[in-house]
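File shown: data_39.txt. Contents: compact mmCIF, C-alpha atoms.
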# COMPACT_ATOMS: atom_id res chain seq x y z
CA MET A 7 -5.71 65.39 -65.65
CA ILE A 8 -4.91 67.95 -68.30
CA VAL A 9 -2.90 65.44 -70.35
CA LEU A 10 -5.98 63.37 -71.01
CA ALA A 11 -8.41 66.30 -71.38
CA GLU A 12 -8.57 66.23 -75.16
CA LEU A 13 -9.05 62.53 -75.78
CA PHE A 14 -11.03 61.84 -72.63
CA PRO A 15 -13.55 64.64 -72.11
CA ARG A 16 -14.85 63.26 -68.83
CA GLY A 17 -11.38 62.76 -67.38
CA VAL A 18 -10.17 59.54 -65.86
CA ASN A 19 -13.71 58.18 -65.49
CA GLU A 20 -13.75 57.66 -69.24
CA LEU A 21 -11.19 54.87 -68.77
CA PHE A 22 -13.34 52.97 -66.31
CA ASP A 23 -17.04 53.65 -67.12
CA TRP A 24 -18.18 51.25 -69.76
CA PRO A 25 -21.54 51.59 -71.55
CA VAL A 26 -24.26 49.20 -70.44
CA ILE A 27 -24.85 46.36 -72.90
CA PHE A 28 -28.24 45.21 -71.66
CA GLY A 29 -30.42 45.55 -68.59
CA LYS A 30 -29.87 49.29 -68.18
CA ASP A 31 -31.02 50.80 -64.86
CA THR A 32 -31.88 47.40 -63.41
CA ILE A 33 -29.94 45.32 -60.95
CA ILE A 34 -28.61 43.03 -63.70
CA ALA A 35 -27.01 45.83 -65.75
CA PHE A 36 -24.33 44.15 -67.83
CA ASN A 37 -21.24 45.88 -69.13
CA LYS A 38 -17.66 45.00 -70.01
CA THR A 39 -16.66 44.60 -66.36
CA ALA A 40 -19.29 41.95 -65.72
CA PHE A 41 -18.41 40.28 -69.02
CA MET A 42 -14.71 40.07 -68.10
CA ALA A 43 -15.57 38.61 -64.70
CA LEU A 44 -17.62 35.93 -66.45
CA VAL A 45 -14.78 35.29 -68.92
CA SER A 46 -12.35 34.80 -66.04
CA THR A 47 -14.78 32.37 -64.39
CA ALA A 48 -15.13 30.45 -67.65
CA ILE A 49 -11.35 30.21 -68.09
CA CYS A 50 -10.85 28.93 -64.53
CA ILE A 51 -13.62 26.35 -64.87
CA GLY A 52 -12.29 25.38 -68.32
CA ILE A 53 -8.71 24.84 -67.19
CA PHE A 54 -9.56 22.70 -64.21
CA PHE A 55 -12.41 20.78 -65.83
CA VAL A 56 -10.50 19.87 -68.99
CA GLY A 57 -7.36 19.22 -66.96
CA SER A 58 -9.03 16.67 -64.76
CA ARG A 59 -10.73 14.57 -67.40
CA LYS A 60 -7.95 12.17 -68.38
CA ARG A 61 -6.05 11.40 -65.26
CA ARG A 62 -2.68 10.28 -66.53
CA LEU A 63 -0.07 9.39 -63.97
CA VAL A 64 2.50 11.64 -65.62
CA PRO A 65 0.54 14.77 -66.56
CA VAL A 66 0.79 16.25 -70.02
CA GLY A 67 -0.76 19.38 -71.55
CA ILE A 68 -3.67 21.06 -69.79
CA GLN A 69 -3.58 18.51 -67.00
CA ASN A 70 0.00 19.60 -66.35
CA VAL A 71 -0.99 23.26 -66.24
CA ALA A 72 -3.86 22.61 -63.85
CA GLU A 73 -1.83 20.35 -61.59
CA THR A 74 1.19 22.67 -61.52
CA GLY A 75 -0.97 25.67 -60.69
CA TYR A 76 -2.87 23.88 -57.96
CA GLU A 77 0.31 22.44 -56.44
CA ALA A 78 1.99 25.84 -56.52
CA VAL A 79 -0.90 27.34 -54.53
CA GLU A 80 -0.87 24.40 -52.13
CA LYS A 81 2.89 24.44 -51.52
CA ASN A 82 3.55 28.16 -51.41
CA ILE A 83 0.36 29.48 -49.85
CA SER A 84 -1.68 26.89 -47.96
CA VAL A 85 0.97 24.72 -46.37
CA GLU A 86 3.43 27.54 -45.81
CA VAL A 87 0.97 29.75 -43.96
CA MET A 88 -1.50 27.36 -42.36
CA GLY A 89 0.68 24.29 -41.81
CA ALA A 90 -0.24 20.72 -42.65
CA GLU A 91 -3.96 21.26 -42.16
CA GLY A 92 -3.91 24.03 -44.74
CA THR A 93 -4.59 21.49 -47.48
CA LYS A 94 -8.28 21.63 -46.59
CA TRP A 95 -8.30 25.29 -47.59
CA THR A 96 -6.43 24.87 -50.88
CA PRO A 97 -9.53 24.60 -53.13
CA PHE A 98 -10.83 27.95 -51.85
CA LEU A 99 -7.43 29.64 -52.08
CA ALA A 100 -6.70 28.25 -55.54
CA THR A 101 -10.09 29.48 -56.79
CA LEU A 102 -9.44 32.93 -55.35
CA PHE A 103 -5.95 33.06 -56.85
CA PHE A 104 -6.88 32.00 -60.36
CA PHE A 105 -10.05 34.11 -60.47
CA ILE A 106 -8.19 37.27 -59.47
CA PHE A 107 -5.21 36.43 -61.68
CA PHE A 108 -7.28 35.98 -64.83
CA MET A 109 -9.17 39.19 -64.22
CA ASN A 110 -5.93 41.09 -63.62
CA ILE A 111 -4.03 39.72 -66.60
CA PHE A 112 -6.57 41.01 -69.11
CA GLU A 113 -5.20 44.47 -68.42
CA VAL A 114 -2.29 43.74 -70.79
CA ILE A 115 -3.95 41.49 -73.39
CA PRO A 116 -4.50 43.66 -76.48
CA PRO A 117 -8.09 43.32 -77.65
CA ILE A 118 -9.46 43.74 -74.12
CA GLN A 119 -6.94 45.68 -72.01
CA PHE A 120 -9.27 46.27 -69.08
CA PRO A 121 -8.80 44.73 -65.64
CA ALA A 122 -12.17 43.87 -64.18
CA THR A 123 -10.74 44.23 -60.67
CA SER A 124 -10.32 47.96 -61.26
CA ARG A 125 -14.01 48.49 -60.52
CA PHE A 126 -14.32 48.53 -56.77
CA ALA A 127 -17.27 46.15 -56.51
CA ILE A 128 -15.21 43.05 -57.33
CA PRO A 129 -12.34 43.52 -54.84
CA LEU A 130 -14.86 44.74 -52.27
CA TYR A 131 -16.93 41.60 -52.62
CA LEU A 132 -13.87 39.34 -52.39
CA ALA A 133 -12.56 41.19 -49.31
CA LEU A 134 -15.94 41.06 -47.58
CA GLN A 135 -16.11 37.35 -48.34
CA THR A 136 -12.70 36.84 -46.68
CA TRP A 137 -13.81 38.94 -43.70
CA VAL A 138 -17.01 36.97 -43.14
CA ILE A 139 -15.12 33.68 -43.55
CA PHE A 140 -12.43 34.51 -41.04
CA ILE A 141 -14.94 35.77 -38.46
CA ILE A 142 -17.11 32.67 -38.81
CA VAL A 143 -14.07 30.34 -38.69
CA GLY A 144 -12.89 32.21 -35.59
CA PHE A 145 -16.19 31.62 -33.83
CA VAL A 146 -16.25 27.97 -34.89
CA LYS A 147 -12.68 27.15 -33.88
CA GLN A 148 -12.18 29.36 -30.84
CA GLY A 149 -15.61 29.38 -29.27
CA PRO A 150 -18.09 32.20 -28.58
CA PHE A 151 -15.45 34.49 -27.08
CA TYR A 152 -13.42 34.70 -30.31
CA ILE A 153 -13.58 38.49 -30.63
CA PHE A 154 -12.57 39.00 -27.01
CA LYS A 155 -9.68 36.56 -27.41
CA ALA A 156 -8.54 38.21 -30.63
CA ILE A 157 -8.34 41.72 -29.23
CA THR A 158 -6.51 40.75 -26.04
CA PRO A 159 -3.21 39.31 -27.24
CA PRO A 160 -1.26 37.28 -24.67
CA GLY A 161 1.73 38.72 -22.87
CA VAL A 162 0.42 42.29 -22.60
CA PRO A 163 0.57 43.89 -19.12
CA LYS A 164 -2.87 44.75 -17.79
CA PHE A 165 -2.52 48.51 -17.80
CA LEU A 166 -1.73 48.55 -21.52
CA TYR A 167 -5.07 46.96 -22.42
CA LEU A 168 -6.57 50.47 -22.54
CA LEU A 169 -4.36 51.20 -25.56
CA VAL A 170 -4.09 47.79 -27.15
CA ILE A 171 -7.78 46.84 -27.25
CA PRO A 172 -9.01 49.71 -29.51
CA ILE A 173 -5.95 49.32 -31.75
CA GLU A 174 -6.47 45.57 -32.18
CA LEU A 175 -10.22 45.95 -32.64
CA VAL A 176 -9.88 48.50 -35.43
CA SER A 177 -6.89 46.79 -37.00
CA ILE A 178 -8.27 43.25 -37.11
CA PHE A 179 -11.95 43.80 -37.80
CA LEU A 180 -12.08 47.05 -39.77
CA ILE A 181 -8.77 47.78 -41.46
CA ARG A 182 -8.10 44.26 -42.74
CA PRO A 183 -10.99 43.90 -45.21
CA PHE A 184 -10.70 47.55 -46.24
CA SER A 185 -6.99 47.37 -46.99
CA LEU A 186 -7.37 44.02 -48.74
CA ALA A 187 -9.95 45.52 -51.11
CA VAL A 188 -8.17 48.84 -51.65
CA ARG A 189 -4.78 47.24 -52.27
CA LEU A 190 -6.05 45.18 -55.20
CA PHE A 191 -8.29 47.96 -56.52
CA ALA A 192 -5.70 50.75 -56.34
CA ASN A 193 -2.95 48.65 -57.91
CA MET A 194 -5.14 47.88 -60.89
CA VAL A 195 -6.43 51.45 -61.28
CA ALA A 196 -2.90 52.85 -61.08
CA GLY A 197 -1.62 50.36 -63.65
CA HIS A 198 -4.46 51.05 -66.07
CA VAL A 199 -4.02 54.84 -65.83
CA LEU A 200 -0.24 54.62 -66.25
CA LEU A 201 -0.52 52.43 -69.35
CA THR A 202 -3.07 54.86 -70.78
CA VAL A 203 -0.86 57.89 -70.09
CA PHE A 204 2.16 56.39 -71.83
CA ALA A 205 0.10 55.22 -74.80
CA VAL A 206 -1.53 58.65 -75.15
CA MET A 207 1.92 60.27 -75.10
CA CYS A 208 3.10 58.03 -77.94
CA TRP A 209 -0.04 58.77 -79.94
CA GLU A 210 0.10 62.52 -79.43
CA LEU A 211 3.77 62.63 -80.42
CA SER A 212 3.01 60.78 -83.64
CA LYS A 213 0.37 63.28 -84.70
CA MET A 214 2.93 65.84 -86.00
CA ASN A 215 1.32 68.87 -84.38
CA SER A 216 4.55 70.84 -84.21
CA GLY A 217 6.90 69.62 -86.93
CA THR A 218 8.97 66.53 -87.76
CA TYR A 219 11.36 66.78 -84.83
CA GLN A 220 8.78 65.63 -82.36
CA LEU A 221 8.81 62.18 -83.98
CA ALA A 222 12.36 61.71 -82.70
CA PHE A 223 11.05 61.67 -79.14
CA ILE A 224 8.63 58.80 -79.66
CA PRO A 225 11.06 56.12 -78.35
CA LEU A 226 10.91 57.69 -74.88
CA PRO A 227 7.27 57.05 -74.01
CA PHE A 228 7.38 53.90 -76.12
CA PHE A 229 10.05 52.32 -73.94
CA GLY A 230 8.13 53.55 -70.95
CA LEU A 231 5.04 51.76 -72.28
CA MET A 232 7.02 48.55 -72.85
CA ALA A 233 8.46 48.70 -69.35
CA MET A 234 5.01 49.37 -67.87
CA VAL A 235 3.45 46.40 -69.68
CA GLY A 236 6.13 44.12 -68.26
CA PHE A 237 5.65 45.65 -64.83
CA GLU A 238 1.89 45.24 -65.05
CA ILE A 239 2.22 41.54 -65.82
CA LEU A 240 4.30 41.22 -62.64
CA VAL A 241 1.81 43.30 -60.66
CA ALA A 242 -1.14 41.21 -61.89
CA LEU A 243 0.51 38.00 -60.68
CA LEU A 244 1.79 39.57 -57.47
CA GLN A 245 -1.52 41.15 -56.47
CA ALA A 246 -3.38 37.88 -56.97
CA TYR A 247 -0.70 36.14 -54.87
CA ILE A 248 -0.80 38.80 -52.14
CA PHE A 249 -4.61 38.72 -51.89
CA THR A 250 -4.58 34.95 -51.59
CA ILE A 251 -1.73 34.75 -49.10
CA LEU A 252 -3.28 37.45 -46.90
CA THR A 253 -6.57 35.58 -46.94
CA ALA A 254 -4.65 32.47 -45.86
CA VAL A 255 -2.90 34.43 -43.08
CA TYR A 256 -6.16 35.87 -41.73
CA VAL A 257 -7.97 32.54 -41.80
CA GLY A 258 -4.91 30.84 -40.27
CA GLU A 259 -4.92 33.38 -37.47
CA ALA A 260 -8.57 32.67 -36.83
CA ILE A 261 -7.89 28.95 -36.63
CA HIS A 262 -4.74 29.18 -34.48
CA PRO A 263 -4.38 32.42 -32.56
CA GLU A 264 -0.86 33.78 -32.79
CA HIS A 265 1.45 32.61 -30.10
CA MET B 21 -9.30 79.44 -33.62
CA HIS B 22 -12.04 81.65 -35.02
CA PHE B 23 -9.62 82.76 -37.75
CA LEU B 24 -8.92 79.15 -38.75
CA MET B 25 -12.60 78.36 -38.94
CA THR B 26 -13.29 81.33 -41.21
CA LEU B 27 -10.34 80.37 -43.37
CA ALA B 28 -11.65 76.85 -43.73
CA ALA B 29 -15.15 78.05 -44.58
CA LEU B 30 -13.92 80.56 -47.17
CA SER B 31 -11.46 78.23 -48.84
CA GLY B 32 -14.27 75.94 -49.87
CA GLN B 33 -15.63 78.69 -52.08
CA PHE B 34 -12.49 80.26 -53.45
CA VAL B 35 -10.21 77.29 -54.18
CA SER B 36 -10.13 76.78 -57.93
CA ASP B 37 -10.15 73.44 -59.69
CA ASP B 38 -6.52 73.72 -60.82
CA LEU B 39 -5.44 74.42 -57.27
CA LYS B 40 -7.31 71.35 -56.04
CA SER B 41 -5.55 69.12 -58.61
CA GLY B 42 -2.19 70.62 -57.73
CA LEU B 43 -2.74 70.12 -54.02
CA ALA B 44 -3.90 66.56 -54.61
CA ALA B 45 -0.68 65.84 -56.51
CA VAL B 46 1.43 67.38 -53.73
CA GLY B 47 -0.54 65.32 -51.22
CA TYR B 48 0.27 62.14 -53.09
CA GLY B 49 3.94 63.10 -53.27
CA LEU B 50 4.04 63.49 -49.50
CA ALA B 51 2.19 60.23 -49.02
CA ALA B 52 4.73 58.34 -51.11
CA ILE B 53 7.73 59.22 -48.92
CA GLY B 54 6.87 56.84 -46.10
CA PRO B 55 6.17 53.70 -48.11
CA GLY B 56 9.22 54.37 -50.30
CA ALA B 57 11.52 54.48 -47.27
CA GLY B 58 9.71 51.56 -45.68
CA ILE B 59 10.00 49.28 -48.70
CA GLY B 60 13.67 50.19 -49.10
CA ILE B 61 14.47 49.27 -45.50
CA LEU B 62 12.42 46.09 -45.78
CA VAL B 63 14.07 44.78 -48.93
CA GLY B 64 17.52 45.72 -47.64
CA GLN B 65 17.01 43.77 -44.43
CA SER B 66 15.64 40.80 -46.31
CA VAL B 67 18.65 40.76 -48.67
CA GLN B 68 20.89 40.76 -45.62
CA ALA B 69 18.91 37.89 -44.12
CA MET B 70 19.12 35.90 -47.35
CA ALA B 71 22.89 36.45 -47.43
CA ARG B 72 23.36 35.31 -43.85
CA GLN B 73 21.29 32.15 -44.16
CA PRO B 74 20.86 31.04 -47.78
CA GLU B 75 18.78 28.00 -46.86
CA MET B 76 16.02 30.25 -45.49
CA ALA B 77 15.93 32.32 -48.68
CA GLY B 78 12.51 31.02 -49.80
CA GLN B 79 10.76 31.84 -46.54
CA VAL B 80 12.46 35.21 -46.29
CA ARG B 81 11.39 36.02 -49.83
CA THR B 82 7.77 35.16 -49.09
CA THR B 83 7.73 37.34 -45.99
CA MET B 84 9.39 40.13 -47.96
CA PHE B 85 6.59 40.11 -50.53
CA LEU B 86 4.01 40.18 -47.77
CA GLY B 87 5.69 43.17 -46.16
CA ILE B 88 5.98 44.99 -49.50
CA ALA B 89 2.25 44.56 -50.09
CA PHE B 90 1.41 46.08 -46.72
CA ALA B 91 3.71 49.07 -47.23
CA GLU B 92 2.60 49.60 -50.82
CA ALA B 93 -1.07 49.65 -49.83
CA LEU B 94 -0.57 52.98 -48.09
CA ALA B 95 1.04 54.58 -51.12
CA LEU B 96 -1.77 53.33 -53.32
CA ILE B 97 -4.46 54.64 -50.99
CA GLY B 98 -2.78 58.02 -51.50
CA PHE B 99 -2.88 57.50 -55.27
CA VAL B 100 -6.59 56.79 -55.19
CA VAL B 101 -7.24 59.92 -53.10
CA ILE B 102 -6.13 62.07 -56.07
CA PHE B 103 -9.10 60.84 -58.02
CA ILE B 104 -11.50 61.26 -55.15
CA ALA B 105 -10.63 64.90 -54.52
Would you write the structure of this file as structure tokens?
Amino acid sequence: MIVLAELFPRGVNELFDWPVIFGKDTIIAFNKTAFMALVSTAICIGIFFVGSRKRRLVPVGIQNVAETGYEAVEKNISVEVMGAEGTKWTPFLATLFFFIFFMNIFEVIPPIQFPATSRFAIPLYLALQTWVIFIIVGFVKQGPFYIFKAITPPGVPKFLYLLVIPIELVSIFLIRPFSLAVRLFANMVAGHVLLTVFAVMCWELSKMNSGTYQLAFIPLPFFGLMAMVGFEILVALLQAYIFTILTAVYVGEAIHPEH
Amino acid sequence: MHFLMTLAALSGQFVSDDLKSGLAAVGYGLAAIGPGAGIGILVGQSVQAMARQPEMAGQVRTTMFLGIAFAEALALIGFVVIFIA
């Protein structure tokens, strides 16, 4: 991390450790991460609350935004993955999608430019929540032998159970929540660091440390920065979508075991 | 065997910080080969599927994104390991 050594004396941690605003050293320590999570919650509640006040038959304005968003989640995620009975799970999935999306998108909005999901606690909590939900739903829908039924897939010859059972056990009950959390976390960390690196390059080139000719190279990291901002908007949307659709897939598998 | 154990024990003391960063970067480079190839194969097959049966394009596209997320997760775990070590 030699590129960032001058501006960021503590290395990459400087990009992610925010000073505590109040409640230092207690369990309710509040910093920018917690504040952005609360802002995302407020935006989600605001959109759906204001959008459902005047229920016009042909939606206009915020009602249109809320209805379009909710229908998009219902059509592309719930019904596609879980079938017709997936509509019962749409409120949960829509909440998850919009919460994660609004936290991710603040990575590219200028005054803030920090994705709250790049601190591991938030993706970890969401992944653990999905894990607990799909285990409980599995026990409710498939009876007390859910774990046994999940790790012995049908159509496997008996002698292969020695190999398949440990693989399925680790893959379904350990790797799934871990990879769900790390996927979201690592995407956001990587995006934040890349944006910082390109921006620092532009800044350092504009400081005229070694003559006027270095100014001519500024367009290179600048176009890189522009491209990365566009890419990060796509990644923010995509990662929220992937988290939600994987949650739907895992819960759907707990409801109906795969054929 | 004894030689390898001594080597491992000594390298903890004598590996400098620069060397650790360099090795971490090389490690990430190696870790990015697999997902790169995997995503390429995946998207290529899904383009072929969409060309064969255009009416299934939506479903194929959804499954493609799902597969890309799985493959990309491994590359990103490698990226995070740079900052751990």
With 12 Å as the limit and counting all atoms listed in the file, what residues in chain B lie close to chain A? Please list them as a PyMOL selection string. chain B and resi 37-38+40-42+44-45+78-104
Hey, what's within 12 Å of Pro172 in chain A if we count all atoms listed in the file and toss same-chain stuff fewer than 6 positions away? As JSON, numbers by chain, please? {"A": [154, 156, 157, 158, 166, 178, 179, 180]}
Export of prior selection with C-alpha atoms as a PDB file, keeping the file's coordinate frame:
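The file below, result-v8.pdb, is the result:
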ATOM      1  CA  PHE A 154     -12.570  39.000 -27.010  1.00  0.00           C
ATOM      2  CA  ALA A 156      -8.540  38.210 -30.630  1.00  0.00           C
ATOM      3  CA  ILE A 157      -8.340  41.720 -29.230  1.00  0.00           C
ATOM      4  CA  THR A 158      -6.510  40.750 -26.040  1.00  0.00           C
ATOM      5  CA  LEU A 166      -1.730  48.550 -21.520  1.00  0.00           C
ATOM      6  CA  ILE A 178      -8.270  43.250 -37.110  1.00  0.00           C
ATOM      7  CA  PHE A 179     -11.950  43.800 -37.800  1.00  0.00           C
ATOM      8  CA  LEU A 180     -12.080  47.050 -39.770  1.00  0.00           C
TER       9      LEU A 180
END
With 8 Å on each side, where is the centre of the axis-aligned box around all listed atoms of range 63-76 of chain B, and how long are its edges in Å to one decimal, as lines of an AutoDock Vina configuration file?
center_x = 18.7
center_y = 36.9
center_z = -46.4
size_x = 25.3
size_y = 33.7
size_z = 21.1
For Pro160 in chain A: contacts at 12 Å, all atoms listed in the file, fewer than 6 positions along chain excluded, given as a ChimeraX atom specification: /A:154,166-167,170-171,263-265
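Coordinates place CA of Phe184 in chain A at a distance of 24.5 Å from CA of Gly92 in chain A.
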Please indicate the distance in Å from CA of Lys38 in chain A to CA of Val114 in chain A, rounded to one decimal place. 15.4 Å
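Picture a line from CA of Leu221 in chain A to CA of Cys208 in chain A; it runs 9.3 Å.
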Check which residues of range 107-128 of chain A sit at most 8 Å from range 232-242 of chain A using only C-alpha atoms, and return one row each with the closest pair of atoms and their distance in Å to one decimal, ordered by chain and rising number, as CSV.
residue,atom,partner,partner_atom,distance
A:Phe107,CA,A:Ala242,CA,6.3
A:Asn110,CA,A:Ala242,CA,5.1
A:Ile111,CA,A:Ala242,CA,5.7
A:Glu113,CA,A:Glu238,CA,7.9
A:Val114,CA,A:Val235,CA,6.4
Distance query range 22-37 of chain A at most 12 Å, only C-alpha atoms, self and fewer than 3 positions along chain excluded, as a ChimeraX atom specification: /A:14,16-19,40-44,113,119-126,194-196,198-199,202
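Using only C-alpha atoms for every distance, the candidate list A:Pro159, A:Lys147, A:Glu210, A:Ala246 yields A:Lys147 as the residue closest to Ala260 in chain A.
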Given the choices A:Val143, A:Ile128, A:Val71, A:Ile49, which gets closest to Thr101 in chain A if the distance is worked out from only C-alpha atoms? A:Ile49
